[in-house]
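Below: the structure, in structure tokens.
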Amino acid sequence: MRVIADRSRPLPAPPPVVWGDLVAPRADGPRAWLRLLPDEVAPRVLSSCSPQMVVWSSLWSRHPRLVVRLDCQPHHGATRLHVRVEAPDDAAPSDEMPNVLSDVLSDAAIGHVRHRINHLLFAELRATYGQ
């Protein structure tokens with residue numbers, strides 16, 4: 001596996017609240033935050049450990065083998081959320097067979113994944129906590 005995104009930022013809610021929002025992302029209702037684009041799918045929780053860690057399946061149907069790891073660490077009464085997106089080593093385009101696999105990650109695709117994860121977690125989810 002290779003890391004294609006790695007970011008850590010604070011969220012104003014305590015770890016149990018953030019963890020709960022990550023294991024059951026809200027697509028509707030008063031605290032909706034998981035607003036997906038047409039090329040995205042709701043993630044499945046692959047594993048979790050309350051209230052420290054959640055591992056999601058990919059949000060991108062075109063890149064189904066991506067894995068999103070979310071670690072919730074206490075931080076001054078709030079949470080420091082560490083996000084890592086990992087891709088299998090063979091998801092990188094090769095010189096011999098560029099773009100043969102449906103989930104090959106170009107630089108543009110990696111940029112899109114980074115942007116969307118950042119926006120979903122540190123803009124949309126953060127906004128549900130009043131910030």
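We label chains A, B, ... in the order they appear in the structure tokens, count residues from 1 in each chain, and number ligands from 1 in the order shown.
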
Checklist entry - Please, which residues of region 20-123 of chain A, numbered as in this document, come out alpha helix (DSSP H) from DSSP, as an NGL selection string? => result :A and (20-23 or 107-119)

Shell around region 34-50 of chain A at 10 Å using only C-alpha atoms, local window under 2 positions removed, as a VMD selection string | chain A and resid 15 to 16 19 to 28 31 to 32 52 to 64 67 to 72 116 119 to 121 124 to 125

Could you take the residues named above and write them with N, CA, C and O atoms, as a compact mmCIF listing (two decimals), in the first residue's frame?
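File result28.txt, as written:
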# COMPACT_ATOMS: atom_id res chain seq x y z
N PRO A 15 -13.59 13.31 20.70
CA PRO A 15 -13.42 12.09 19.91
C PRO A 15 -14.65 11.18 19.82
O PRO A 15 -14.95 10.69 18.72
N PRO A 16 -15.40 10.95 20.92
CA PRO A 16 -16.57 10.06 20.75
C PRO A 16 -17.61 10.60 19.77
O PRO A 16 -18.25 9.83 19.05
N TRP A 19 -16.02 10.25 16.20
CA TRP A 19 -16.03 8.83 15.86
C TRP A 19 -17.45 8.39 15.45
O TRP A 19 -17.63 7.70 14.45
N GLY A 20 -18.44 8.81 16.21
CA GLY A 20 -19.82 8.45 15.88
C GLY A 20 -20.25 8.97 14.52
O GLY A 20 -20.95 8.28 13.77
N ASP A 21 -19.82 10.19 14.19
CA ASP A 21 -20.15 10.75 12.88
C ASP A 21 -19.42 10.02 11.75
O ASP A 21 -19.92 9.96 10.62
N LEU A 22 -18.26 9.46 12.05
CA LEU A 22 -17.50 8.74 11.03
C LEU A 22 -18.02 7.32 10.81
O LEU A 22 -18.00 6.82 9.68
N VAL A 23 -18.50 6.67 11.86
CA VAL A 23 -19.03 5.30 11.68
C VAL A 23 -20.44 5.33 11.10
O VAL A 23 -20.88 4.33 10.52
N ALA A 24 -21.15 6.44 11.24
CA ALA A 24 -22.49 6.59 10.67
C ALA A 24 -22.59 7.96 10.01
O ALA A 24 -23.27 8.85 10.52
N PRO A 25 -21.92 8.15 8.87
CA PRO A 25 -21.96 9.46 8.21
C PRO A 25 -23.38 9.84 7.80
O PRO A 25 -24.14 8.98 7.35
N ARG A 26 -23.71 11.09 8.00
CA ARG A 26 -25.06 11.56 7.71
C ARG A 26 -25.14 12.19 6.33
O ARG A 26 -24.49 13.20 6.07
N ALA A 27 -25.96 11.61 5.48
CA ALA A 27 -26.17 12.16 4.15
C ALA A 27 -27.40 13.07 4.12
O ALA A 27 -27.59 13.83 3.19
N ASP A 28 -28.24 12.98 5.17
CA ASP A 28 -29.42 13.84 5.25
C ASP A 28 -29.71 14.14 6.72
O ASP A 28 -29.04 13.65 7.60
N ARG A 31 -27.90 17.42 10.63
CA ARG A 31 -26.43 17.50 10.67
C ARG A 31 -25.81 16.76 9.48
O ARG A 31 -24.78 16.15 9.59
N ALA A 32 -26.46 16.86 8.33
CA ALA A 32 -25.95 16.19 7.13
C ALA A 32 -24.59 16.78 6.76
O ALA A 32 -24.38 17.99 6.82
N GLN A 52 -11.40 5.71 18.84
CA GLN A 52 -10.11 6.12 18.27
C GLN A 52 -9.99 6.01 16.76
O GLN A 52 -9.28 6.80 16.15
N MET A 53 -10.60 5.00 16.12
CA MET A 53 -10.24 4.71 14.74
C MET A 53 -11.42 4.18 13.94
O MET A 53 -12.25 3.43 14.46
N VAL A 54 -11.46 4.59 12.67
CA VAL A 54 -12.43 4.08 11.71
C VAL A 54 -11.68 3.86 10.40
O VAL A 54 -10.87 4.71 10.00
N VAL A 55 -11.96 2.75 9.73
CA VAL A 55 -11.41 2.51 8.40
C VAL A 55 -12.58 2.39 7.45
O VAL A 55 -13.48 1.58 7.66
N TRP A 56 -12.56 3.22 6.40
CA TRP A 56 -13.60 3.24 5.39
C TRP A 56 -13.13 2.55 4.12
O TRP A 56 -11.96 2.59 3.76
N SER A 57 -14.10 2.02 3.38
CA SER A 57 -13.85 1.62 2.01
C SER A 57 -13.76 2.89 1.17
O SER A 57 -14.04 4.00 1.65
N SER A 58 -13.43 2.73 -0.07
CA SER A 58 -13.30 3.86 -0.98
C SER A 58 -14.62 4.60 -1.18
O SER A 58 -15.69 3.99 -1.20
N LEU A 59 -14.54 5.89 -1.38
CA LEU A 59 -15.69 6.70 -1.73
C LEU A 59 -15.84 6.83 -3.24
O LEU A 59 -16.79 7.42 -3.72
N TRP A 60 -14.88 6.30 -4.00
CA TRP A 60 -14.85 6.50 -5.44
C TRP A 60 -15.00 5.17 -6.16
O TRP A 60 -14.14 4.30 -6.09
N SER A 61 -16.11 5.03 -6.88
CA SER A 61 -16.36 3.77 -7.59
C SER A 61 -15.30 3.49 -8.65
O SER A 61 -15.01 2.34 -8.94
N ARG A 62 -14.70 4.51 -9.16
CA ARG A 62 -13.63 4.33 -10.16
C ARG A 62 -12.33 3.82 -9.51
O ARG A 62 -11.48 3.27 -10.18
N HIS A 63 -12.20 4.02 -8.21
CA HIS A 63 -11.00 3.60 -7.47
C HIS A 63 -11.42 2.77 -6.26
O HIS A 63 -11.26 3.18 -5.11
N PRO A 64 -11.99 1.59 -6.48
CA PRO A 64 -12.61 0.82 -5.40
C PRO A 64 -11.63 0.25 -4.38
O PRO A 64 -12.06 -0.14 -3.29
N VAL A 67 -8.42 2.83 0.50
CA VAL A 67 -8.84 2.66 1.89
C VAL A 67 -8.58 3.98 2.62
O VAL A 67 -7.53 4.60 2.44
N VAL A 68 -9.55 4.42 3.42
CA VAL A 68 -9.44 5.67 4.16
C VAL A 68 -9.38 5.33 5.64
O VAL A 68 -10.32 4.78 6.20
N ARG A 69 -8.26 5.66 6.28
CA ARG A 69 -8.11 5.43 7.72
C ARG A 69 -8.25 6.77 8.44
O ARG A 69 -7.60 7.75 8.10
N LEU A 70 -9.11 6.78 9.47
CA LEU A 70 -9.41 7.99 10.22
C LEU A 70 -9.11 7.73 11.69
O LEU A 70 -9.72 6.84 12.30
N ASP A 71 -8.17 8.47 12.26
CA ASP A 71 -7.79 8.32 13.67
C ASP A 71 -8.21 9.56 14.44
O ASP A 71 -7.87 10.69 14.05
N CYS A 72 -8.95 9.36 15.52
CA CYS A 72 -9.44 10.44 16.37
C CYS A 72 -8.59 10.48 17.65
O CYS A 72 -8.64 9.54 18.44
N ARG A 116 -11.27 16.18 -2.08
CA ARG A 116 -12.58 15.77 -1.58
C ARG A 116 -12.54 15.32 -0.13
O ARG A 116 -13.41 15.68 0.66
N HIS A 119 -12.26 18.39 1.95
CA HIS A 119 -13.51 19.15 1.97
C HIS A 119 -14.58 18.44 2.82
O HIS A 119 -15.25 19.08 3.64
N LEU A 120 -14.75 17.14 2.60
CA LEU A 120 -15.78 16.42 3.35
C LEU A 120 -15.56 16.47 4.85
O LEU A 120 -16.49 16.72 5.62
N LEU A 121 -14.33 16.25 5.28
CA LEU A 121 -14.05 16.16 6.72
C LEU A 121 -13.79 17.51 7.37
O LEU A 121 -14.30 17.78 8.45
N GLU A 124 -17.18 20.24 5.49
CA GLU A 124 -18.58 19.83 5.71
C GLU A 124 -18.81 19.26 7.12
O GLU A 124 -19.75 19.67 7.79
N LEU A 125 -18.00 18.30 7.55
CA LEU A 125 -18.18 17.75 8.91
C LEU A 125 -17.94 18.83 9.96
O LEU A 125 -18.71 18.99 10.90

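Using only C-alpha atoms, the nearest neighbour of Ala109 (chain A) within the list A:Leu66, A:Val18, A:Pro74, A:Asp90 is A:Leu66.
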
| In Å to one decimal, how far is CA of Val3 (chain A) from CA of Val83 (chain A)? |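 Distance reported for this atom pair: 10.3 Å.
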
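Residues within 10 Å of Arg126 (chain A), counting only C-alpha atoms and excluding same-chain residues fewer than 3 positions away, are A:Pro10, A:Leu11, A:Pro12, A:Ala13, A:Val18, A:Trp33, A:His119, A:Leu120, A:Leu121, A:Phe122, A:Ala123, A:Tyr129, A:Gly130, A:Gln131.
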
Computed gap from CA of Pro51 (chain A) to CA of Pro88 (chain A) is 26.7 Å

I need the residues of region 28-123 of chain A that end up classed as strand (DSSP E) by DSSP on the backbone, written out as a ChimeraX atom specification. /A:45-49,53-57,67-75,78-87
